Structure formats: C-alpha cells, structure tokens
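*Asks:* Let me begin by handing over the structure; questions about it come next.
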Amino acid sequence: MCTEESIKLAPSNRVTSPTVGAPQPKGDIWWSNALGFLAAHFFVLLSWWYPAVSGWKTYTLLLFNWQVGMYGITIGYHRLWSHRSFTASTPLRIFLAGIGTLGFQGSIRWWVVRHRLHHRYTDTESDPYSAANGLFFSHVGWIFYKTKYPKLPLVQKEDLDSDPVVAFQHRYFLELVFLTCVALPTAMGHFWLDGAWEGLLYGGIIPRVMTWHCTFLINSMAHYIGRQEYTIEVTARGNLLLAMLTQGEGNHNFHHAFPSDYRNGFKSTDWDPTKWIIALMHTFTSLVPSVHTTPDREVERAKSRAIGRDNGQAERDLPRVDLSEVSALYEGKPVIVIQGFLYDVGEFASRHPGGAALLERGYGGKDLSGLFEKLNRHTLQARDLMMEMKIGQIIS
Ligand SMILES: [Zn+2]
Ligand SMILES: [Zn+2]
C-alpha cells in the first residue's frame, strides 16, 4: 500500500523534471470558459453568507453530486472512453454518460480527444495540460485558452464516432448539463431543502467546482508530487492523497506506464475505488463483459527499469523468416513488420492507443517502421509490450 512516503518527492536522480518538453503555445483567451469558471467560484463564496440551512440533507446532496460526478469522469470519461480499458454494455454507457455530464467538464468527445493527446505527447508542447507550462497552467490555466492543437487530427476518434451514446451526449451536451447540473438540484432544493436556491448552490454549483478541482489535480499535482515507481520517462507520479481525492486516479505513474489497464492502482492495496467498482461489475454482472490488465511480468519489468536496474530480459529465440517469404506467409493476417521483426498484433490492435486502423495498414507483413518512428514517441513500456507480440525476425 502507498504510505506517507508516496507524497514525498522521489530521489532527485530518479525524478523526471516537470520542466521537460517545450512550453506550449497558448491560443486566444476563451472568455466564456474563463468567465463561467470564475463565476462558479464567486457563487461558492456566496455559501459563506448563505449557509446550508437544511443541515445534513444539504450536505448529503452536495456529497452525492460531487462523488457521482467524479465517478462519471473516472469510470466513464477516463477509463472507459479515453482508454478503452474495459468494455461496457449499452445501459452502463448511457448511465456513465449521464453521470459524466454531471461532472460538467465538456462532452465525452471533447474531453477524450484532449486526454488522448495528453498521453500521446505527455510533457511536450502538444500536451494540452503539459506540466512543462507550470503548475497553475496544468491545473486550470489551460482551460482559459482556445489553444489549437496541431496534433489533434492524429488522435483516434473512430471509436467515439461509432458510439451512439457518445454522439448523443456530444450533440445535446448543453441541454443535458442544464438538466443534470441545474434543473435537478434546483428541483431537489425546492422540494426537499429550504428552497430552490439552496439546491442549486449546494447540489449544483459547489459539487461542480469540487469535481473540477479534484480532476484537475491529476493534470497538475499528479505530475509534480509523488513516487515514480513504474516509469521515469514522464512527469506522472503516484500519490496516495490525490488517489483518495480522485477515486484512485492519483495512482498516476502506473497509469501513464500502462494507460490501457483498467487499474490505476496496480497493487491490491493501492487506493483505487474506481478499479474496485469496475471489477465488481465485471465479476458479478454483465454490465462489464471484459477488462484489460497488464501482465505482471510487464509491470515488474517496468519497475525494474524505473529504479535503474537491468531487468536481464533474455532475447528469445525467434524463428527467422526470409524477407521474400513474408507476404506469402502472412497474407491477410494481423502481422506487421517493424524494424526487422514480425509482430502478431491480432489481440492488441483494438487496444492500440493510436487506433487499430494504423496497425491494419501493415497487415500481411508490411513494414510499418517509418510510421512507427514518425507518428508517435512510443514509450519504453509500449516497446516492452511489443516484445510479447514478437513472433519472428526478418532476414534478407
Ligand atoms: Zn497525466
Ligand atoms: Zn489517462
């Protein structure tokens, strides 16, 4: 289990500096976002003069709306739609889209493409909330700008476009926000609390601001304070305190090392209620047909590398295939060639962070070395995962 030590900085020789990467160019000021964000905080201040007169009922509504909105983001927006780390039935996707809307952080589609950009170009100028731009910028500063992201077209969107739940939520996002974040808490205030205004303030606005800042802490503090147990390539860290504030998302170092794993807290003792809920749904219901986990040996290999120890991984004795025979041997098969090796990507393609379509270009044993190096900075963990898919070595 993470200990108090988890919120201390890792030793300086292991820490990836949050100043890595180039500062991100900022776009025009996004006035509607900025003013709306500041106005919400102004209304939070009003609670000083308008206390929760309905007592425990008010605080129950506040706590409920804060926590439910958070789970909409962590289970739905993040682990399901951003990373496809598990599959979800249609009723569950509808439910998650609804409670994710309650988080009021943009539509699923808007949120996911930026988050995919964050993982693909972490700490670089293409990272929307790059730690290289400073703590304030990575926390809230980035939402004050209409930044253009030149690499955004490279992010996979096909899976989002083909999900009718995502499409519906994107199309009617403002209407759904009004329903979940304004109308419902206001009605609850009217019928259950002291009045409509109390419901809107304590059930609508304050839980929204709490959800925002808890989520934003992952973009900011989880790239500054904590341990780097699984990767030192990026600034992401694991932090128990943040994990407790964010339903487990504070185990951010493991998540950056293995983003398609439904667990953010790898160890059974890591605080990760989002993982526990997904696991329960997977074990006892048909709502979650499958979950993806990283093999333990991969995690051990990553940990060894992160602490600077040679993991002694032996080269496997791979069969050698003559270049002239490749196309005949693997015609129509999900086998690609990268830098002189053959990889069977049939199992992995649907989880490829860059999308299956990129891999499909190489099916039948075509050489994708150029795309592999040009399109993305593949992490060491990604390269380790590839070792498990290696089925042969090309000779010419
Ligand atoms: Zn991150
Ligand atoms: Zn993520």
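Going through the structure tokens in order, the chains are called A, B, and so on, while each chain numbers its residues from 1 and the ligands are numbered from 1 in the order shown.
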Please extract the residues at most 8 Å from ligand 2, counting only C-alpha atoms and all ligand atoms, and provide them as a list in words, using the chain letters and residue numbers of this document.

*Replies:* His78, Arg79, Ser82, His83, His115, Arg116, His118, His119, His255, His256 and Pro259 of chain A

*Asks:* So which residues are near ligand 1, meaning at most 9 Å away with only C-alpha atoms and all ligand atoms counted, given back as a ChimeraX atom specification?

*Replies:* /A:115,118-119,122-123,129-131,218-220,222-223,234-237,252-253,255-256

*Asks:* How about saving the chosen residues, N, CA and C atoms kept, as an mmCIF file, in the first residue's frame?

*Replies:*
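Ended up saving to selection_9.cif:
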data_model
loop_
_atom_site.group_PDB
_atom_site.id
_atom_site.type_symbol
_atom_site.label_atom_id
_atom_site.label_comp_id
_atom_site.auth_asym_id
_atom_site.auth_seq_id
_atom_site.Cartn_x
_atom_site.Cartn_y
_atom_site.Cartn_z
ATOM 1 N N HIS A 115 -7.546 14.226 -23.717
ATOM 2 C CA HIS A 115 -6.839 13.325 -22.813
ATOM 3 C C HIS A 115 -5.939 12.364 -23.595
ATOM 4 N N HIS A 118 -2.900 14.172 -24.328
ATOM 5 C CA HIS A 118 -2.055 14.256 -23.132
ATOM 6 C C HIS A 118 -1.185 13.003 -22.994
ATOM 7 N N HIS A 119 -1.766 11.840 -23.213
ATOM 8 C CA HIS A 119 -0.984 10.606 -23.072
ATOM 9 C C HIS A 119 -0.009 10.428 -24.224
ATOM 10 N N THR A 122 2.804 13.472 -23.755
ATOM 11 C CA THR A 122 2.981 13.948 -22.377
ATOM 12 C C THR A 122 4.210 14.842 -22.229
ATOM 13 N N ASP A 123 4.010 15.983 -21.566
ATOM 14 C CA ASP A 123 5.081 16.931 -21.223
ATOM 15 C C ASP A 123 5.646 17.691 -22.427
ATOM 16 N N TYR A 129 -2.370 19.921 -21.202
ATOM 17 C CA TYR A 129 -2.115 20.410 -19.852
ATOM 18 C C TYR A 129 -0.712 20.024 -19.408
ATOM 19 N N SER A 130 0.235 20.361 -20.260
ATOM 20 C CA SER A 130 1.620 19.967 -20.017
ATOM 21 C C SER A 130 2.176 20.541 -18.713
ATOM 22 N N ALA A 131 2.801 19.662 -17.925
ATOM 23 C CA ALA A 131 3.454 20.096 -16.694
ATOM 24 C C ALA A 131 4.589 21.070 -16.991
ATOM 25 N N ILE A 218 -5.166 15.911 -10.998
ATOM 26 C CA ILE A 218 -4.446 14.840 -11.706
ATOM 27 C C ILE A 218 -3.558 15.430 -12.797
ATOM 28 N N ASN A 219 -4.067 16.463 -13.464
ATOM 29 C CA ASN A 219 -3.258 17.104 -14.503
ATOM 30 C C ASN A 219 -2.105 17.909 -13.906
ATOM 31 N N SER A 220 -2.309 18.393 -12.694
ATOM 32 C CA SER A 220 -1.278 19.269 -12.110
ATOM 33 C C SER A 220 -0.448 18.528 -11.061
ATOM 34 N N ALA A 222 -0.504 15.591 -9.737
ATOM 35 C CA ALA A 222 -0.069 14.215 -10.013
ATOM 36 C C ALA A 222 1.072 14.168 -11.022
ATOM 37 N N HIS A 223 1.446 15.336 -11.548
ATOM 38 C CA HIS A 223 2.648 15.410 -12.385
ATOM 39 C C HIS A 223 3.771 16.141 -11.645
ATOM 40 N N VAL A 234 8.159 10.077 -17.991
ATOM 41 C CA VAL A 234 7.263 11.234 -17.968
ATOM 42 C C VAL A 234 7.141 11.737 -16.534
ATOM 43 N N THR A 235 6.523 12.897 -16.362
ATOM 44 C CA THR A 235 6.469 13.505 -15.030
ATOM 45 C C THR A 235 5.403 12.896 -14.119
ATOM 46 N N ALA A 236 4.564 12.004 -14.632
ATOM 47 C CA ALA A 236 3.456 11.456 -13.839
ATOM 48 C C ALA A 236 3.962 10.741 -12.586
ATOM 49 N N ARG A 237 3.197 10.897 -11.484
ATOM 50 C CA ARG A 237 3.599 10.317 -10.199
ATOM 51 C C ARG A 237 2.426 9.629 -9.508
ATOM 52 N N HIS A 252 -1.074 7.840 -10.591
ATOM 53 C CA HIS A 252 -0.948 8.326 -11.959
ATOM 54 C C HIS A 252 0.311 7.823 -12.659
ATOM 55 N N ASN A 253 1.314 7.427 -11.886
ATOM 56 C CA ASN A 253 2.538 6.930 -12.519
ATOM 57 C C ASN A 253 2.271 5.583 -13.197
ATOM 58 N N HIS A 255 -0.562 4.587 -14.217
ATOM 59 C CA HIS A 255 -1.488 4.839 -15.323
ATOM 60 C C HIS A 255 -0.756 5.315 -16.572
ATOM 61 N N HIS A 256 0.251 6.177 -16.404
ATOM 62 C CA HIS A 256 0.986 6.624 -17.598
ATOM 63 C C HIS A 256 1.850 5.510 -18.169
#

*Asks:* Using DSSP on the backbone coordinates, identify all residues within segment 118-317 of chain A classified as helix (DSSP H, G or I); present the result as an MDAnalysis selection string.

*Replies:* chainID A and resid 118:120 131:133 135:139 141:144 152:154 158:161 164:171 173:191 196:219 221:223 240:245 252:257 273:284 296:306

*Asks:* Enter the distance from atom CA of Pro334 of chain A to atom CA of Gln393 of chain A, in Å, rounded to one decimal.

*Replies:*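 Answer for the atom CA of Pro334 of chain A to atom CA of Gln393 of chain A separation: 15.9 Å.
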
*Asks:* Excluding His190 of chain A and any residue of its chain fewer than 3 positions from it, enumerate the residues within 12 Å of it, using only C-alpha atoms, and give them as a short mmCIF file (atom, residue, chain, number, x, y, z; two decimals) with N, CA, C and O atoms, in the first residue's frame.

*Replies:*
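Listed below is the output, part12.cif:
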data_model
loop_
_atom_site.label_atom_id
_atom_site.label_comp_id
_atom_site.auth_asym_id
_atom_site.auth_seq_id
_atom_site.Cartn_x
_atom_site.Cartn_y
_atom_site.Cartn_z
N SER A 54 -30.49 23.60 5.57
CA SER A 54 -31.16 22.31 5.74
C SER A 54 -30.24 21.24 6.32
O SER A 54 -30.59 20.05 6.32
N THR A 58 -28.68 18.97 3.06
CA THR A 58 -27.92 19.76 2.10
C THR A 58 -26.57 19.10 1.84
O THR A 58 -26.13 18.96 0.69
N ALA A 183 -31.27 21.95 -13.39
CA ALA A 183 -32.70 21.69 -13.12
C ALA A 183 -32.90 20.69 -11.97
O ALA A 183 -33.70 20.95 -11.06
N LEU A 184 -32.18 19.58 -12.00
CA LEU A 184 -32.39 18.56 -10.97
C LEU A 184 -32.05 19.05 -9.57
O LEU A 184 -32.87 18.94 -8.65
N PRO A 185 -30.83 19.61 -9.35
CA PRO A 185 -30.55 20.09 -7.99
C PRO A 185 -31.46 21.23 -7.55
O PRO A 185 -31.82 21.33 -6.37
N THR A 186 -31.87 22.08 -8.51
CA THR A 186 -32.79 23.17 -8.16
C THR A 186 -34.13 22.60 -7.72
O THR A 186 -34.71 23.05 -6.71
N ALA A 187 -34.61 21.60 -8.45
CA ALA A 187 -35.89 20.96 -8.08
C ALA A 187 -35.76 20.29 -6.72
O ALA A 187 -36.68 20.35 -5.89
N LEU A 193 -35.19 20.63 0.18
CA LEU A 193 -34.43 21.51 1.07
C LEU A 193 -35.24 22.78 1.36
O LEU A 193 -36.44 22.83 1.16
N ASP A 194 -34.49 23.80 1.78
CA ASP A 194 -35.15 25.04 2.18
C ASP A 194 -35.69 25.85 1.00
O ASP A 194 -36.57 26.69 1.16
N GLY A 195 -35.13 25.59 -0.17
CA GLY A 195 -35.59 26.34 -1.33
C GLY A 195 -34.76 26.01 -2.55
O GLY A 195 -33.72 25.33 -2.46
N ALA A 196 -35.22 26.48 -3.73
CA ALA A 196 -34.54 26.18 -4.98
C ALA A 196 -33.10 26.66 -4.97
O ALA A 196 -32.18 25.98 -5.44
N TRP A 197 -32.87 27.86 -4.42
CA TRP A 197 -31.53 28.45 -4.44
C TRP A 197 -30.54 27.59 -3.66
O TRP A 197 -29.40 27.39 -4.08
N GLU A 198 -30.98 27.04 -2.53
CA GLU A 198 -30.10 26.17 -1.74
C GLU A 198 -29.72 24.91 -2.53
O GLU A 198 -28.58 24.46 -2.50
N GLY A 199 -30.70 24.36 -3.27
CA GLY A 199 -30.42 23.18 -4.08
C GLY A 199 -29.43 23.49 -5.19
O GLY A 199 -28.49 22.72 -5.44
N LEU A 200 -29.63 24.63 -5.88
CA LEU A 200 -28.73 24.99 -6.98
C LEU A 200 -27.30 25.22 -6.47
O LEU A 200 -26.34 24.76 -7.07
N LEU A 201 -27.18 25.92 -5.34
CA LEU A 201 -25.84 26.25 -4.82
C LEU A 201 -25.13 25.00 -4.30
O LEU A 201 -23.99 24.71 -4.68
N GLY A 203 -26.21 21.70 -4.45
CA GLY A 203 -26.32 20.47 -5.24
C GLY A 203 -25.83 20.65 -6.67
O GLY A 203 -25.56 19.67 -7.35
#

*Asks:* Need to verify the contact set: segment 262-275 of chain A, 6 Å, only C-alpha atoms, exclusion of same-chain residues closer than 4 positions in sequence. Can you return it as a CSV table (one decimal) with C-alpha atoms, in the first residue's frame?

*Replies:*
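Writing done, so here's selection30.csv:
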chain,number,residue,atom,x,y,z
A,1,MET,CA,0.0,0.0,0.0
A,85,SER,CA,-9.6,-0.4,-20.6
A,247,GLN,CA,-11.3,7.8,-6.7
A,248,GLY,CA,-7.9,6.2,-7.4
A,251,ASN,CA,-2.0,6.4,-8.9
A,255,HIS,CA,-1.5,4.8,-15.3
A,292,HIS,CA,-7.9,-5.3,-19.6
